[in-house]
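S.K.: This is the structure I have questions about; it appears just below.
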Amino acid sequence: MTPNGKRVLLVEDNEDNRIVYSTILRHFGYSVIEALNGEEGIAKARSEKPDLILMDISIPIIDGWEATQVLKHDPETRKIPIIALTAHALASDREKAMEVGCDGYLAKPCEPRAVVAEVQRFLGDAGTQGQ
Ligand code: MN
């Protein structure tokens, strides 16, 4: 882990996914902040100002679509790239992701390496080489 590592906010209610994604992101040198629902995701986006947000869409309290809209309407957080993680590979989900302001989109189940690749597309290398 590098102190200069870019910070990723992972909003994901499924514990297994949270562990898998946060583990590989940390392995690749990113710092990971975790949130378990939309409300916590919005709060941590505002307080932590992460470099990128991975947003599961199916999350409690406030779903990922609404949380994304809230963050994209807030001048303090609107520039933070948001990558949606949706459970269905539906064309309508991809359209909706763009509509609410998501910057990227991954259909679940997605390989951990694919998540890292998408994060790297926005943030570049975090500073440490993963294997
Ligand atoms: Mn979920």
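Residue numbers start at 1 in each chain; chains themselves are named A, B, ... in the order of the structure tokens; ligands are numbered from 1 in the order shown.
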Residues within 9 Å of ligand 1 (only C-alpha atoms and all ligand atoms), as a list in words?
M.R.: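 Result of the 9 Å neighbour search around ligand 1: Val11, Glu12, Asp13, Asn14, Asn17, Leu36, Asn37, Asp56, Ile57, Ser58, Ile59, Pro60, Asp63, Gly64, Leu85, Thr86 and Ala87 of chain A.
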S.K.: Save the residues we just selected, C-alpha atoms, as a PDB file, in the first residue's frame?
M.R.:
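Printed below is selection-v4.pdb as written:
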```pdb
ATOM      1  CA  VAL A  11     -20.561   0.972  -2.010  1.00  0.00           C
ATOM      2  CA  GLU A  12     -21.641  -2.665  -1.826  1.00  0.00           C
ATOM      3  CA  ASP A  13     -24.019  -4.467   0.523  1.00  0.00           C
ATOM      4  CA  ASN A  14     -22.913  -8.010  -0.305  1.00  0.00           C
ATOM      5  CA  ASN A  17     -18.306  -9.018  -3.113  1.00  0.00           C
ATOM      6  CA  LEU A  36     -22.858  -0.803   2.962  1.00  0.00           C
ATOM      7  CA  ASN A  37     -25.833   1.161   1.675  1.00  0.00           C
ATOM      8  CA  ASP A  56     -23.565  -1.321  -6.536  1.00  0.00           C
ATOM      9  CA  ILE A  57     -27.063  -0.529  -7.771  1.00  0.00           C
ATOM     10  CA  SER A  58     -28.980  -2.954  -5.577  1.00  0.00           C
ATOM     11  CA  ILE A  59     -28.235  -1.592  -2.104  1.00  0.00           C
ATOM     12  CA  PRO A  60     -30.459  -0.820   0.908  1.00  0.00           C
ATOM     13  CA  ASP A  63     -30.450   2.472  -4.196  1.00  0.00           C
ATOM     14  CA  GLY A  64     -27.444   3.063  -6.395  1.00  0.00           C
ATOM     15  CA  LEU A  85     -22.223  -2.349 -10.713  1.00  0.00           C
ATOM     16  CA  THR A  86     -25.515  -3.831 -11.816  1.00  0.00           C
ATOM     17  CA  ALA A  87     -26.816  -7.354 -11.472  1.00  0.00           C
TER      18      ALA A  87
END
```
S.K.: For A:Pro112, please output as a short mmCIF file (atom, residue, chain, number, x, y, z; two decimals) with all heavy atoms, in the first residue's frame all residues within 12 Å (counting only C-alpha atoms; exclusion window: fewer than 3 positions along the same chain).
M.R.:
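That gives us part_27.cif:
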```cif
data_model
loop_
_atom_site.label_atom_id
_atom_site.label_comp_id
_atom_site.auth_asym_id
_atom_site.auth_seq_id
_atom_site.Cartn_x
_atom_site.Cartn_y
_atom_site.Cartn_z
N ASP A 16 -19.45 -10.76 0.57
CA ASP A 16 -18.48 -11.50 -0.24
C ASP A 16 -17.90 -10.62 -1.35
O ASP A 16 -16.69 -10.57 -1.56
CB ASP A 16 -19.13 -12.74 -0.88
CG ASP A 16 -19.48 -13.81 0.16
OD1 ASP A 16 -18.90 -13.77 1.25
OD2 ASP A 16 -20.33 -14.66 -0.15
N ASN A 17 -18.78 -9.91 -2.05
CA ASN A 17 -18.31 -9.02 -3.11
C ASN A 17 -17.42 -7.92 -2.54
O ASN A 17 -16.41 -7.54 -3.13
CB ASN A 17 -19.48 -8.36 -3.83
CG ASN A 17 -20.22 -9.34 -4.74
OD1 ASN A 17 -19.68 -10.37 -5.12
ND2 ASN A 17 -21.46 -9.02 -5.05
N ARG A 18 -17.84 -7.39 -1.38
CA ARG A 18 -17.07 -6.31 -0.78
C ARG A 18 -15.65 -6.77 -0.47
O ARG A 18 -14.67 -6.06 -0.74
CB ARG A 18 -17.77 -5.81 0.48
CG ARG A 18 -17.66 -4.32 0.68
CD ARG A 18 -18.62 -3.80 1.73
NE ARG A 18 -18.57 -4.56 2.95
CZ ARG A 18 -19.62 -5.25 3.44
NH1 ARG A 18 -20.78 -5.26 2.81
NH2 ARG A 18 -19.50 -5.92 4.55
N ILE A 19 -15.54 -7.97 0.08
CA ILE A 19 -14.22 -8.48 0.44
C ILE A 19 -13.38 -8.73 -0.82
O ILE A 19 -12.22 -8.33 -0.89
CB ILE A 19 -14.36 -9.78 1.28
CG1 ILE A 19 -14.92 -9.43 2.66
CG2 ILE A 19 -13.01 -10.49 1.40
CD1 ILE A 19 -15.36 -10.63 3.48
N VAL A 20 -13.99 -9.36 -1.81
CA VAL A 20 -13.25 -9.69 -3.04
C VAL A 20 -12.76 -8.42 -3.74
O VAL A 20 -11.58 -8.29 -4.08
CB VAL A 20 -14.13 -10.52 -4.01
CG1 VAL A 20 -13.49 -10.62 -5.39
CG2 VAL A 20 -14.37 -11.92 -3.43
N TYR A 21 -13.66 -7.46 -3.93
CA TYR A 21 -13.28 -6.24 -4.66
C TYR A 21 -12.30 -5.37 -3.86
O TYR A 21 -11.36 -4.84 -4.41
CB TYR A 21 -14.52 -5.42 -5.05
CG TYR A 21 -15.48 -6.14 -5.99
CD1 TYR A 21 -16.83 -5.86 -5.99
CD2 TYR A 21 -15.01 -7.10 -6.89
CE1 TYR A 21 -17.70 -6.52 -6.85
CE2 TYR A 21 -15.88 -7.77 -7.75
CZ TYR A 21 -17.23 -7.47 -7.73
OH TYR A 21 -18.09 -8.12 -8.57
N SER A 22 -12.55 -5.24 -2.57
CA SER A 22 -11.64 -4.38 -1.80
C SER A 22 -10.26 -5.02 -1.69
O SER A 22 -9.24 -4.33 -1.74
CB SER A 22 -12.21 -4.06 -0.42
OG SER A 22 -12.30 -5.21 0.37
N THR A 23 -10.22 -6.35 -1.60
CA THR A 23 -8.92 -7.03 -1.49
C THR A 23 -8.09 -6.83 -2.75
O THR A 23 -6.91 -6.48 -2.67
CB THR A 23 -9.13 -8.54 -1.23
OG1 THR A 23 -9.84 -8.71 -0.02
CG2 THR A 23 -7.79 -9.26 -1.13
N ILE A 24 -8.70 -7.01 -3.92
CA ILE A 24 -7.90 -6.88 -5.14
C ILE A 24 -7.53 -5.42 -5.39
O ILE A 24 -6.42 -5.11 -5.84
CB ILE A 24 -8.59 -7.52 -6.38
CG1 ILE A 24 -7.57 -7.61 -7.52
CG2 ILE A 24 -9.85 -6.78 -6.78
CD1 ILE A 24 -7.97 -8.51 -8.66
N LEU A 25 -8.42 -4.49 -5.05
CA LEU A 25 -8.09 -3.07 -5.24
C LEU A 25 -6.92 -2.67 -4.34
O LEU A 25 -6.01 -1.95 -4.76
CB LEU A 25 -9.31 -2.19 -4.96
CG LEU A 25 -10.41 -2.25 -6.05
CD1 LEU A 25 -11.70 -1.65 -5.53
CD2 LEU A 25 -9.95 -1.52 -7.32
N ARG A 26 -6.94 -3.16 -3.12
CA ARG A 26 -5.82 -2.84 -2.20
C ARG A 26 -4.54 -3.49 -2.72
O ARG A 26 -3.46 -2.91 -2.63
CB ARG A 26 -6.15 -3.33 -0.79
CG ARG A 26 -7.20 -2.45 -0.13
CD ARG A 26 -7.52 -2.89 1.30
NE ARG A 26 -8.51 -1.96 1.88
CZ ARG A 26 -9.71 -2.32 2.34
NH1 ARG A 26 -10.08 -3.59 2.35
NH2 ARG A 26 -10.54 -1.42 2.80
N HIS A 27 -4.66 -4.69 -3.25
CA HIS A 27 -3.51 -5.39 -3.81
C HIS A 27 -2.87 -4.56 -4.92
O HIS A 27 -1.65 -4.55 -5.09
CB HIS A 27 -3.93 -6.76 -4.33
CG HIS A 27 -2.83 -7.54 -4.98
ND1 HIS A 27 -1.84 -8.17 -4.24
CD2 HIS A 27 -2.55 -7.78 -6.28
CE1 HIS A 27 -1.00 -8.76 -5.08
NE2 HIS A 27 -1.41 -8.54 -6.32
N PHE A 28 -3.70 -3.86 -5.67
CA PHE A 28 -3.19 -3.03 -6.77
C PHE A 28 -2.84 -1.62 -6.30
O PHE A 28 -2.59 -0.74 -7.11
CB PHE A 28 -4.19 -3.01 -7.92
CG PHE A 28 -4.04 -4.19 -8.84
CD1 PHE A 28 -4.62 -5.41 -8.51
CD2 PHE A 28 -3.28 -4.11 -10.00
CE1 PHE A 28 -4.46 -6.52 -9.33
CE2 PHE A 28 -3.11 -5.22 -10.83
CZ PHE A 28 -3.70 -6.42 -10.50
N LEU A 85 -22.28 -0.88 -10.67
CA LEU A 85 -22.22 -2.35 -10.71
C LEU A 85 -23.66 -2.84 -10.69
O LEU A 85 -24.35 -2.68 -9.69
CB LEU A 85 -21.48 -2.89 -9.48
CG LEU A 85 -20.05 -2.39 -9.25
CD1 LEU A 85 -19.56 -2.85 -7.88
CD2 LEU A 85 -19.12 -2.91 -10.33
N LEU A 106 -20.45 -1.71 -15.08
CA LEU A 106 -20.01 -3.11 -15.12
C LEU A 106 -21.20 -3.99 -14.76
O LEU A 106 -21.91 -3.71 -13.79
CB LEU A 106 -18.88 -3.35 -14.11
CG LEU A 106 -17.51 -2.73 -14.42
CD1 LEU A 106 -16.61 -2.82 -13.19
CD2 LEU A 106 -16.84 -3.44 -15.60
N ALA A 107 -21.42 -5.03 -15.54
CA ALA A 107 -22.51 -5.96 -15.25
C ALA A 107 -21.98 -7.10 -14.38
O ALA A 107 -20.94 -7.69 -14.67
CB ALA A 107 -23.09 -6.50 -16.54
N LYS A 108 -22.68 -7.36 -13.29
CA LYS A 108 -22.31 -8.46 -12.42
C LYS A 108 -22.84 -9.77 -13.00
O LYS A 108 -23.88 -9.76 -13.65
CB LYS A 108 -22.94 -8.26 -11.04
CG LYS A 108 -22.26 -7.19 -10.20
CD LYS A 108 -23.07 -7.07 -8.92
CE LYS A 108 -22.28 -6.41 -7.81
NZ LYS A 108 -23.08 -6.38 -6.57
N PRO A 109 -22.24 -10.91 -12.72
CA PRO A 109 -21.03 -10.99 -11.91
C PRO A 109 -19.82 -10.52 -12.71
O PRO A 109 -19.69 -10.88 -13.87
CB PRO A 109 -20.92 -12.48 -11.60
CG PRO A 109 -21.64 -13.15 -12.73
CD PRO A 109 -22.69 -12.20 -13.19
N VAL A 115 -12.89 -5.33 -12.59
CA VAL A 115 -13.16 -4.16 -11.75
C VAL A 115 -11.90 -3.31 -11.66
O VAL A 115 -11.94 -2.09 -11.84
CB VAL A 115 -13.63 -4.60 -10.34
CG1 VAL A 115 -13.76 -3.40 -9.41
CG2 VAL A 115 -14.97 -5.34 -10.43
N VAL A 116 -10.77 -3.96 -11.43
CA VAL A 116 -9.51 -3.22 -11.35
C VAL A 116 -9.22 -2.51 -12.68
O VAL A 116 -8.84 -1.35 -12.69
CB VAL A 116 -8.33 -4.17 -11.00
CG1 VAL A 116 -6.98 -3.45 -11.13
CG2 VAL A 116 -8.49 -4.73 -9.60
N ALA A 117 -9.44 -3.22 -13.79
CA ALA A 117 -9.17 -2.64 -15.11
C ALA A 117 -10.00 -1.38 -15.32
O ALA A 117 -9.51 -0.38 -15.86
CB ALA A 117 -9.45 -3.67 -16.20
N GLU A 118 -11.25 -1.42 -14.91
CA GLU A 118 -12.13 -0.25 -15.08
C GLU A 118 -11.67 0.91 -14.19
O GLU A 118 -11.67 2.06 -14.60
CB GLU A 118 -13.59 -0.66 -14.78
CG GLU A 118 -14.62 0.41 -15.08
CD GLU A 118 -14.82 0.69 -16.56
OE1 GLU A 118 -14.12 0.10 -17.40
OE2 GLU A 118 -15.69 1.52 -16.87
N VAL A 119 -11.27 0.59 -12.96
CA VAL A 119 -10.76 1.62 -12.05
C VAL A 119 -9.49 2.24 -12.63
O VAL A 119 -9.31 3.46 -12.64
CB VAL A 119 -10.50 1.04 -10.64
CG1 VAL A 119 -9.75 2.04 -9.76
CG2 VAL A 119 -11.83 0.63 -9.98
#
```
S.K.: Just the alpha helix (DSSP H) stuff from chain A, please, per backbone DSSP, written as a PyMOL selection string.
M.R.: chain A and resi 15-27+38-48+64-72+91-99+112-123
S.K.: Restricted to C-alpha atoms, what would the selected residues look like written as a PDB file, in the first residue's frame?
M.R.:
```
ATOM      1  CA  GLU A  15     -20.114  -8.951   2.068  1.00  0.00           C
ATOM      2  CA  ASP A  16     -18.478 -11.502  -0.243  1.00  0.00           C
ATOM      3  CA  ASN A  17     -18.306  -9.018  -3.113  1.00  0.00           C
ATOM      4  CA  ARG A  18     -17.068  -6.306  -0.780  1.00  0.00           C
ATOM      5  CA  ILE A  19     -14.217  -8.484   0.443  1.00  0.00           C
ATOM      6  CA  VAL A  20     -13.248  -9.688  -3.044  1.00  0.00           C
ATOM      7  CA  TYR A  21     -13.281  -6.245  -4.660  1.00  0.00           C
ATOM      8  CA  SER A  22     -11.640  -4.379  -1.800  1.00  0.00           C
ATOM      9  CA  THR A  23      -8.923  -7.031  -1.491  1.00  0.00           C
ATOM     10  CA  ILE A  24      -7.897  -6.883  -5.142  1.00  0.00           C
ATOM     11  CA  LEU A  25      -8.087  -3.071  -5.241  1.00  0.00           C
ATOM     12  CA  ARG A  26      -5.820  -2.844  -2.203  1.00  0.00           C
ATOM     13  CA  HIS A  27      -3.506  -5.391  -3.809  1.00  0.00           C
ATOM     14  CA  GLY A  38     -26.738   4.230  -0.338  1.00  0.00           C
ATOM     15  CA  GLU A  39     -27.100   6.541   2.599  1.00  0.00           C
ATOM     16  CA  GLU A  40     -23.661   5.659   3.943  1.00  0.00           C
ATOM     17  CA  GLY A  41     -22.268   5.873   0.408  1.00  0.00           C
ATOM     18  CA  ILE A  42     -23.495   9.441  -0.036  1.00  0.00           C
ATOM     19  CA  ALA A  43     -22.209  10.448   3.409  1.00  0.00           C
ATOM     20  CA  LYS A  44     -18.753   8.969   2.810  1.00  0.00           C
ATOM     21  CA  ALA A  45     -18.522  10.445  -0.689  1.00  0.00           C
ATOM     22  CA  ARG A  46     -19.130  13.863   0.877  1.00  0.00           C
ATOM     23  CA  SER A  47     -16.818  13.443   3.844  1.00  0.00           C
ATOM     24  CA  GLU A  48     -13.971  11.477   2.216  1.00  0.00           C
ATOM     25  CA  GLY A  64     -27.444   3.063  -6.395  1.00  0.00           C
ATOM     26  CA  TRP A  65     -29.396   4.917  -9.088  1.00  0.00           C
ATOM     27  CA  GLU A  66     -30.691   7.463  -6.615  1.00  0.00           C
ATOM     28  CA  ALA A  67     -27.399   7.757  -4.731  1.00  0.00           C
ATOM     29  CA  THR A  68     -25.635   8.461  -8.043  1.00  0.00           C
ATOM     30  CA  GLN A  69     -28.170  11.151  -8.927  1.00  0.00           C
ATOM     31  CA  VAL A  70     -27.737  12.805  -5.537  1.00  0.00           C
ATOM     32  CA  LEU A  71     -23.940  12.850  -5.884  1.00  0.00           C
ATOM     33  CA  LYS A  72     -24.044  14.071  -9.485  1.00  0.00           C
ATOM     34  CA  ALA A  91     -29.337  -2.754 -22.286  1.00  0.00           C
ATOM     35  CA  SER A  92     -31.863  -0.742 -20.275  1.00  0.00           C
ATOM     36  CA  ASP A  93     -29.533  -0.804 -17.257  1.00  0.00           C
ATOM     37  CA  ARG A  94     -26.688   0.543 -19.328  1.00  0.00           C
ATOM     38  CA  GLU A  95     -28.931   3.326 -20.607  1.00  0.00           C
ATOM     39  CA  LYS A  96     -30.133   4.112 -17.120  1.00  0.00           C
ATOM     40  CA  ALA A  97     -26.553   4.220 -15.839  1.00  0.00           C
ATOM     41  CA  MET A  98     -25.725   6.909 -18.390  1.00  0.00           C
ATOM     42  CA  GLU A  99     -28.991   8.722 -17.712  1.00  0.00           C
ATOM     43  CA  PRO A 112     -12.316  -8.847  -9.832  1.00  0.00           C
ATOM     44  CA  ARG A 113      -9.649  -8.157 -12.467  1.00  0.00           C
ATOM     45  CA  ALA A 114     -12.289  -6.457 -14.648  1.00  0.00           C
ATOM     46  CA  VAL A 115     -13.160  -4.162 -11.754  1.00  0.00           C
ATOM     47  CA  VAL A 116      -9.507  -3.219 -11.347  1.00  0.00           C
ATOM     48  CA  ALA A 117      -9.169  -2.636 -15.108  1.00  0.00           C
ATOM     49  CA  GLU A 118     -12.132  -0.252 -15.084  1.00  0.00           C
ATOM     50  CA  VAL A 119     -10.764   1.624 -12.053  1.00  0.00           C
ATOM     51  CA  GLN A 120      -7.364   1.887 -13.751  1.00  0.00           C
ATOM     52  CA  ARG A 121      -9.023   3.281 -16.864  1.00  0.00           C
ATOM     53  CA  PHE A 122     -10.101   6.288 -14.773  1.00  0.00           C
ATOM     54  CA  LEU A 123      -7.344   6.599 -12.201  1.00  0.00           C
TER      55      LEU A 123
END
```
S.K.: Applying 7 Å and only C-alpha atoms, which residues near stretch 6-9 of chain A remain after dropping the ones on its own chain fewer than 5 positions away? List them as a list of chain:residue names.
M.R.: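 Listing them by chain and then by number gives A:Tyr30, A:Ser31, A:Val32, A:Ile33, A:Glu34, A:Pro50, A:Asp51, A:Leu52, A:Ile53, A:Leu54, A:Ala126.
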S.K.: How would you write, as a list in words, the set of residues in stretch 43-131 of chain A that DSSP gives as strand (DSSP E or B)?
M.R.: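 Those in stretch 43-131 of chain A that DSSP calls strand (DSSP E or B) are Leu52, Ile53, Leu54, Met55, Asp56, Ile82, Ile83, Ala84, Leu85, Thr86, Gly104, Tyr105, Leu106 and Ala107 of chain A.
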S.K.: Please produce a file of the residues just selected, as a tab-separated table (two decimals), in the first residue's frame, where the atoms kept are C-alpha atoms.
M.R.:
```
chain	number	residue	atom	x	y	z
A	52	LEU	CA	-13.66	7.24	-7.68
A	53	ILE	CA	-16.82	5.47	-6.56
A	54	LEU	CA	-17.81	1.88	-7.33
A	55	MET	CA	-21.56	1.86	-6.85
A	56	ASP	CA	-23.57	-1.32	-6.54
A	82	ILE	CA	-18.95	6.73	-10.56
A	83	ILE	CA	-18.86	3.20	-11.96
A	84	ALA	CA	-22.16	1.35	-11.59
A	85	LEU	CA	-22.22	-2.35	-10.71
A	86	THR	CA	-25.52	-3.83	-11.82
A	104	GLY	CA	-18.83	3.70	-16.27
A	105	TYR	CA	-20.79	0.51	-16.01
A	106	LEU	CA	-20.01	-3.11	-15.12
A	107	ALA	CA	-22.51	-5.96	-15.25
```
S.K.: Using atom CA of A:Gly124 and atom CA of A:Gly5 as the two end points, give the distance in Å to one decimal.
M.R.: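 Answer for the atom CA of A:Gly124 to atom CA of A:Gly5 separation: 10.6 Å.
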S.K.: Figure out the distance between atom CA of A:Lys49 and atom CA of A:Gly101, please, to one decimal in Å.
M.R.: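 Answer for the atom CA of A:Gly101 to atom CA of A:Lys49 separation: 17.4 Å.
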S.K.: Expressed in Å to a single decimal, how great is the separation between atom CA of A:Asp103 and atom CA of A:Asp125?
M.R.: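 Value for the atom CA of A:Asp103-atom CA of A:Asp125 distance: 18.3 Å.
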